[in-house]
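**Q** The file below is input-v1.cif, mmCIF, C-alpha atoms:
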data_upload
#
loop_
_atom_site.group_PDB
_atom_site.id
_atom_site.type_symbol
_atom_site.label_atom_id
_atom_site.label_comp_id
_atom_site.auth_asym_id
_atom_site.auth_seq_id
_atom_site.Cartn_x
_atom_site.Cartn_y
_atom_site.Cartn_z
ATOM 1 C CA MET A 212 138.002 -52.104 -64.664
ATOM 2 C CA VAL A 213 136.730 -55.641 -65.311
ATOM 3 C CA SER A 214 136.413 -54.983 -69.047
ATOM 4 C CA ALA A 215 140.009 -53.741 -69.054
ATOM 5 C CA LEU A 216 141.070 -56.932 -67.273
ATOM 6 C CA TRP A 217 139.259 -59.035 -69.862
ATOM 7 C CA GLY A 218 141.504 -57.502 -72.526
ATOM 8 C CA ALA A 219 144.574 -59.149 -71.011
ATOM 9 C CA PRO A 220 145.387 -62.315 -73.022
ATOM 10 C CA LEU A 221 146.634 -64.161 -69.956
ATOM 11 C CA ILE A 222 143.207 -63.921 -68.334
ATOM 12 C CA ARG A 223 141.460 -65.403 -71.360
ATOM 13 C CA VAL A 224 144.064 -68.148 -71.706
ATOM 14 C CA CYS A 225 143.840 -69.218 -68.053
ATOM 15 C CA LEU A 226 140.041 -69.173 -68.075
ATOM 16 C CA ALA A 227 139.820 -71.085 -71.373
ATOM 17 C CA TYR A 228 142.194 -73.764 -70.114
ATOM 18 C CA PHE A 229 140.461 -74.385 -66.794
ATOM 19 C CA ALA A 230 136.903 -73.955 -68.100
ATOM 20 C CA SER A 231 137.136 -76.254 -71.131
ATOM 21 C CA GLY A 232 140.713 -77.381 -71.749
ATOM 22 C CA PHE A 233 140.701 -75.035 -74.791
ATOM 23 C CA ASN A 234 137.842 -77.047 -76.313
ATOM 24 C CA THR A 235 135.580 -74.710 -78.302
ATOM 25 C CA ALA A 236 132.982 -77.482 -78.703
ATOM 26 C CA ALA A 237 132.765 -78.359 -74.993
ATOM 27 C CA VAL A 238 129.259 -78.750 -73.566
ATOM 28 C CA ASP A 239 128.700 -79.605 -69.913
ATOM 29 C CA HIS A 240 125.176 -80.756 -69.018
ATOM 30 C CA GLU A 241 123.936 -79.731 -65.567
ATOM 31 C CA ALA A 242 121.396 -81.635 -63.452
ATOM 32 C CA ASP A 243 118.811 -78.869 -63.903
ATOM 33 C CA GLY A 244 118.902 -79.277 -67.706
ATOM 34 C CA SER A 245 121.030 -76.209 -68.357
ATOM 35 C CA THR A 246 124.336 -76.389 -70.197
ATOM 36 C CA ASN A 247 127.715 -74.685 -70.030
ATOM 37 C CA ASN A 248 128.935 -74.023 -73.532
ATOM 38 C CA GLY A 249 132.112 -73.482 -75.486
ATOM 39 C CA ILE A 250 135.652 -72.561 -74.615
ATOM 40 C CA PHE A 251 134.575 -70.363 -71.667
ATOM 41 C CA GLN A 252 131.680 -72.655 -70.591
ATOM 42 C CA ILE A 253 129.021 -69.937 -70.755
ATOM 43 C CA SER A 254 125.805 -70.950 -68.995
ATOM 44 C CA SER A 255 122.459 -71.341 -70.720
ATOM 45 C CA ARG A 256 120.733 -70.390 -67.450
ATOM 46 C CA ARG A 257 121.233 -66.745 -68.232
ATOM 47 C CA TRP A 258 123.462 -66.047 -71.203
ATOM 48 C CA CYS A 259 122.350 -68.042 -74.249
ATOM 49 C CA ARG A 260 119.246 -69.736 -75.656
ATOM 50 C CA ASN A 261 119.208 -73.491 -75.350
ATOM 51 C CA LEU A 262 116.093 -75.633 -75.414
ATOM 52 C CA THR A 263 114.131 -73.330 -73.108
ATOM 53 C CA PRO A 264 112.881 -70.459 -75.269
ATOM 54 C CA ASN A 265 111.840 -68.244 -72.353
ATOM 55 C CA GLY A 266 115.268 -68.009 -70.660
ATOM 56 C CA PRO A 267 116.942 -64.610 -70.256
ATOM 57 C CA ASN A 268 119.427 -65.059 -73.175
ATOM 58 C CA MET A 269 121.435 -61.975 -72.151
ATOM 59 C CA CYS A 270 123.928 -62.459 -75.008
ATOM 60 C CA ARG A 271 121.105 -62.807 -77.551
ATOM 61 C CA LEU A 272 122.452 -65.907 -79.231
ATOM 62 C CA TYR A 273 121.920 -69.639 -79.329
ATOM 63 C CA CYS A 274 124.153 -71.714 -77.077
ATOM 64 C CA SER A 275 125.294 -73.609 -80.170
ATOM 65 C CA ASP A 276 126.796 -70.311 -81.441
ATOM 66 C CA LEU A 277 129.247 -70.544 -78.533
ATOM 67 C CA LEU A 278 130.646 -73.807 -79.929
ATOM 68 C CA ASN A 279 132.074 -72.186 -83.036
ATOM 69 C CA PRO A 280 135.892 -72.158 -83.391
ATOM 70 C CA ASN A 281 135.481 -68.548 -84.562
ATOM 71 C CA LEU A 282 135.417 -66.995 -81.096
ATOM 72 C CA LYS A 283 133.967 -63.594 -81.991
ATOM 73 C CA ASP A 284 130.469 -64.225 -80.544
ATOM 74 C CA THR A 285 131.918 -66.093 -77.580
ATOM 75 C CA VAL A 286 134.285 -63.253 -76.662
ATOM 76 C CA ILE A 287 131.548 -60.634 -77.049
ATOM 77 C CA CYS A 288 129.301 -62.657 -74.739
ATOM 78 C CA ALA A 289 132.107 -63.204 -72.221
ATOM 79 C CA MET A 290 132.778 -59.453 -72.200
ATOM 80 C CA LYS A 291 129.101 -58.867 -71.307
ATOM 81 C CA ILE A 292 129.448 -61.323 -68.438
ATOM 82 C CA THR A 293 132.523 -59.518 -67.094
ATOM 83 C CA GLN A 294 130.530 -56.274 -67.010
ATOM 84 C CA GLU A 295 128.154 -57.789 -64.476
ATOM 85 C CA PRO A 296 128.806 -57.076 -60.766
ATOM 86 C CA GLN A 297 130.372 -60.510 -60.192
ATOM 87 C CA GLY A 298 132.661 -59.998 -63.199
ATOM 88 C CA LEU A 299 135.195 -62.748 -63.783
ATOM 89 C CA GLY A 300 133.996 -64.289 -60.530
ATOM 90 C CA SER A 301 131.009 -65.555 -62.525
ATOM 91 C CA TRP A 302 133.286 -68.415 -63.577
ATOM 92 C CA GLU A 303 134.089 -71.066 -60.999
ATOM 93 C CA ALA A 304 137.183 -71.924 -63.051
ATOM 94 C CA TRP A 305 138.423 -68.338 -62.643
ATOM 95 C CA ARG A 306 137.795 -68.249 -58.896
ATOM 96 C CA HIS A 307 139.485 -71.588 -58.225
ATOM 97 C CA HIS A 308 142.406 -71.558 -60.656
ATOM 98 C CA CYS A 309 143.195 -68.076 -61.974
ATOM 99 C CA GLN A 310 142.098 -65.341 -59.557
ATOM 100 C CA GLY A 311 144.941 -63.962 -57.493
ATOM 101 C CA LYS A 312 147.504 -66.164 -59.241
ATOM 102 C CA ASP A 313 150.569 -65.096 -61.228
ATOM 103 C CA LEU A 314 149.344 -65.762 -64.747
ATOM 104 C CA THR A 315 152.458 -64.688 -66.628
ATOM 105 C CA ASP A 316 153.515 -68.297 -67.223
ATOM 106 C CA TRP A 317 150.453 -68.735 -69.456
ATOM 107 C CA VAL A 318 151.890 -66.366 -72.056
ATOM 108 C CA ASP A 319 155.621 -66.945 -71.479
ATOM 109 C CA GLY A 320 157.311 -66.922 -74.841
ATOM 110 C CA CYS A 321 154.387 -65.271 -76.635
ATOM 111 C CA ASP A 322 154.995 -62.055 -78.526
ATOM 112 C CA PHE A 323 152.012 -59.734 -78.089
#
In structure tokens, what does this structure look like?
**A**
Amino acid sequence: MVSALWGAPLIRVCLAYFASGFNTAAVDHEADGSTNNGIFQISSRRWCRNLTPNGPNMCRLYCSDLLNPNLKDTVICAMKITQEPQGLGSWEAWRHHCQGKDLTDWVDGCDF
């Protein structure tokens, strides 16, 4: 079900806005040395390889790959995250700003 939800454009738009302000090059540095990367602010703690070579790197890519304006790798990684038990709840931005909200305004006027 979560993967099906991820396919809805309004979910990606809301998450991208509140996670990074639509900034594909956004990098947020955490106190523990980890980073949140790209338009969806994907964490280096688990999902990508940053400066710590022995991290889990579940998406099997470098965190810098998530900063590319071509979102293919970023979306594939985000889809892996949504398949985890926490799903979209993995993102604080989703929990605080998008979950349970009427998101139709995000795509009002768009022709899908």
**Q** Counting all atoms listed in the file, which residues come within 12 Å of (144.2, -69.0, -61.2), with the point read in the file's coordinates, and could you list them as a list in words?
**A** Leu221, Ile222, Arg223, Val224, Cys225, Leu226, Ala227, Tyr228, Phe229, Ala230, Leu299, Gly300, Trp302, Glu303, Ala304, Trp305, Arg306, His307, His308, Cys309, Gln310, Gly311, Lys312, Asp313, Leu314, Thr315, Asp316 and Trp317 of chain A
**Q** Skip Asn248 (chain A) itself and residues of its chain fewer than 5 positions away, then list as a PDB file with C-alpha atoms, keeping the file's coordinate frame all residues within 10 Å of it, counting all atoms listed in the file.
**A**
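result_3.pdb was written with the following content:
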ATOM      1  CA  ALA A 230     136.903 -73.955 -68.100  1.00  0.00           C
ATOM      2  CA  SER A 231     137.136 -76.254 -71.131  1.00  0.00           C
ATOM      3  CA  ASN A 234     137.842 -77.047 -76.313  1.00  0.00           C
ATOM      4  CA  THR A 235     135.580 -74.710 -78.302  1.00  0.00           C
ATOM      5  CA  ALA A 236     132.982 -77.482 -78.703  1.00  0.00           C
ATOM      6  CA  ALA A 237     132.765 -78.359 -74.993  1.00  0.00           C
ATOM      7  CA  VAL A 238     129.259 -78.750 -73.566  1.00  0.00           C
ATOM      8  CA  ASP A 239     128.700 -79.605 -69.913  1.00  0.00           C
ATOM      9  CA  HIS A 240     125.176 -80.756 -69.018  1.00  0.00           C
ATOM     10  CA  ILE A 253     129.021 -69.937 -70.755  1.00  0.00           C
ATOM     11  CA  SER A 254     125.805 -70.950 -68.995  1.00  0.00           C
ATOM     12  CA  SER A 255     122.459 -71.341 -70.720  1.00  0.00           C
ATOM     13  CA  TRP A 258     123.462 -66.047 -71.203  1.00  0.00           C
ATOM     14  CA  CYS A 259     122.350 -68.042 -74.249  1.00  0.00           C
ATOM     15  CA  ASN A 261     119.208 -73.491 -75.350  1.00  0.00           C
ATOM     16  CA  CYS A 274     124.153 -71.714 -77.077  1.00  0.00           C
ATOM     17  CA  SER A 275     125.294 -73.609 -80.170  1.00  0.00           C
ATOM     18  CA  ASP A 276     126.796 -70.311 -81.441  1.00  0.00           C
ATOM     19  CA  LEU A 277     129.247 -70.544 -78.533  1.00  0.00           C
ATOM     20  CA  LEU A 278     130.646 -73.807 -79.929  1.00  0.00           C
ATOM     21  CA  THR A 285     131.918 -66.093 -77.580  1.00  0.00           C
TER      22      THR A 285
END
**Q** CA of Leu262 (chain A) and CA of Asp243 (chain A) are how many Å apart?
**A**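 Between CA of Leu262 (chain A) and CA of Asp243 (chain A) the gap works out to 12.3 Å.
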**Q** Restricting the calculation to only C-alpha atoms: of A:Pro220, A:Gly244, A:Asp284, A:Phe233, which residue gets closest to Cys270 (chain A)?
**A**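 Among the listed residues, the smallest separation from Cys270 (chain A) belongs to A:Asp284.
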**Q** Can you work out the spacing between CA of Lys283 (chain A) and CA of Asn265 (chain A) in Å, to one decimal?
**A** 24.6 Å
**Q** When you draw a straight line from CA of Pro267 (chain A) to CA of Phe251 (chain A), how long is it in Å?
**A**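 CA of Phe251 (chain A) lies at a distance of 18.6 Å from CA of Pro267 (chain A).
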**Q** Using only C-alpha atoms, which protein or nucleic acid residues come within 12 Å of Arg257 (chain A)? Drop anything in the same chain fewer than 5 positions from it, and give the result as a PyMOL selection string.
**A** chain A and resi 245-248+263-274+288+291-292+295+301
**Q** Would you kindly place all heavy atoms on region 269-280 of chain A and return the model as a short mmCIF file (atom, residue, chain, number, x, y, z; two decimals), in the frame of the given file?
**A**
data_model
loop_
_atom_site.label_atom_id
_atom_site.label_comp_id
_atom_site.auth_asym_id
_atom_site.auth_seq_id
_atom_site.Cartn_x
_atom_site.Cartn_y
_atom_site.Cartn_z
N MET A 269 120.83 -63.31 -72.25
CA MET A 269 121.44 -61.98 -72.15
C MET A 269 122.41 -61.67 -73.29
O MET A 269 122.64 -60.51 -73.61
CB MET A 269 122.14 -61.81 -70.80
CG MET A 269 121.23 -61.99 -69.60
SD MET A 269 120.00 -60.71 -69.42
CE MET A 269 121.05 -59.37 -68.91
N CYS A 270 123.00 -62.69 -73.89
CA CYS A 270 123.93 -62.46 -75.01
C CYS A 270 123.21 -62.49 -76.36
O CYS A 270 123.84 -62.26 -77.40
CB CYS A 270 125.06 -63.48 -74.98
SG CYS A 270 126.24 -63.18 -73.66
N ARG A 271 121.93 -62.80 -76.34
CA ARG A 271 121.10 -62.81 -77.55
C ARG A 271 121.68 -63.69 -78.65
O ARG A 271 121.87 -63.26 -79.78
CB ARG A 271 120.88 -61.39 -78.05
CG ARG A 271 120.13 -60.54 -77.07
CD ARG A 271 119.92 -59.14 -77.58
NE ARG A 271 119.27 -58.35 -76.56
CZ ARG A 271 118.01 -57.93 -76.64
NH1 ARG A 271 117.29 -58.22 -77.67
NH2 ARG A 271 117.52 -57.21 -75.66
N LEU A 272 121.99 -64.92 -78.26
CA LEU A 272 122.45 -65.91 -79.23
C LEU A 272 122.08 -67.30 -78.77
O LEU A 272 121.69 -67.50 -77.63
CB LEU A 272 123.95 -65.79 -79.49
CG LEU A 272 124.93 -65.63 -78.32
CD1 LEU A 272 125.21 -66.94 -77.63
CD2 LEU A 272 126.22 -65.07 -78.86
N TYR A 273 122.16 -68.24 -79.68
CA TYR A 273 121.92 -69.64 -79.33
C TYR A 273 123.18 -70.20 -78.68
O TYR A 273 124.29 -69.82 -79.04
CB TYR A 273 121.56 -70.46 -80.57
CG TYR A 273 120.19 -70.15 -81.09
CD1 TYR A 273 120.02 -69.28 -82.15
CD2 TYR A 273 119.07 -70.73 -80.51
CE1 TYR A 273 118.76 -68.98 -82.62
CE2 TYR A 273 117.80 -70.44 -80.97
CZ TYR A 273 117.65 -69.56 -82.03
OH TYR A 273 116.40 -69.26 -82.48
N CYS A 274 123.01 -71.10 -77.74
CA CYS A 274 124.15 -71.71 -77.08
C CYS A 274 125.06 -72.41 -78.09
O CYS A 274 126.28 -72.42 -77.92
CB CYS A 274 123.69 -72.69 -76.01
SG CYS A 274 122.79 -71.90 -74.66
N SER A 275 124.49 -72.96 -79.14
CA SER A 275 125.29 -73.61 -80.17
C SER A 275 126.24 -72.63 -80.86
O SER A 275 127.30 -73.03 -81.36
CB SER A 275 124.40 -74.30 -81.20
OG SER A 275 123.55 -73.36 -81.82
N ASP A 276 125.91 -71.33 -80.87
CA ASP A 276 126.80 -70.31 -81.44
C ASP A 276 128.10 -70.21 -80.66
O ASP A 276 129.12 -69.78 -81.19
CB ASP A 276 126.13 -68.93 -81.47
CG ASP A 276 124.92 -68.88 -82.39
OD1 ASP A 276 124.84 -69.70 -83.32
OD2 ASP A 276 124.06 -68.02 -82.15
N LEU A 277 128.06 -70.61 -79.39
CA LEU A 277 129.25 -70.54 -78.53
C LEU A 277 130.20 -71.71 -78.78
O LEU A 277 131.28 -71.76 -78.19
CB LEU A 277 128.83 -70.51 -77.06
CG LEU A 277 127.98 -69.32 -76.65
CD1 LEU A 277 127.42 -69.52 -75.25
CD2 LEU A 277 128.81 -68.04 -76.72
N LEU A 278 129.82 -72.63 -79.64
CA LEU A 278 130.65 -73.81 -79.93
C LEU A 278 131.47 -73.63 -81.20
O LEU A 278 132.20 -74.53 -81.60
CB LEU A 278 129.75 -75.05 -80.06
CG LEU A 278 128.79 -75.29 -78.90
CD1 LEU A 278 127.96 -76.54 -79.15
CD2 LEU A 278 129.52 -75.37 -77.57
N ASN A 279 131.38 -72.49 -81.79
CA ASN A 279 132.07 -72.19 -83.04
C ASN A 279 133.55 -71.91 -82.78
O ASN A 279 133.88 -71.16 -81.86
CB ASN A 279 131.41 -70.96 -83.66
CG ASN A 279 131.86 -70.66 -85.06
OD1 ASN A 279 132.99 -70.94 -85.44
ND2 ASN A 279 130.96 -70.08 -85.82
N PRO A 280 134.47 -72.47 -83.58
CA PRO A 280 135.89 -72.16 -83.39
C PRO A 280 136.22 -70.69 -83.69
O PRO A 280 137.24 -70.19 -83.22
CB PRO A 280 136.62 -73.08 -84.36
CG PRO A 280 135.59 -73.86 -85.09
CD PRO A 280 134.25 -73.51 -84.56
#
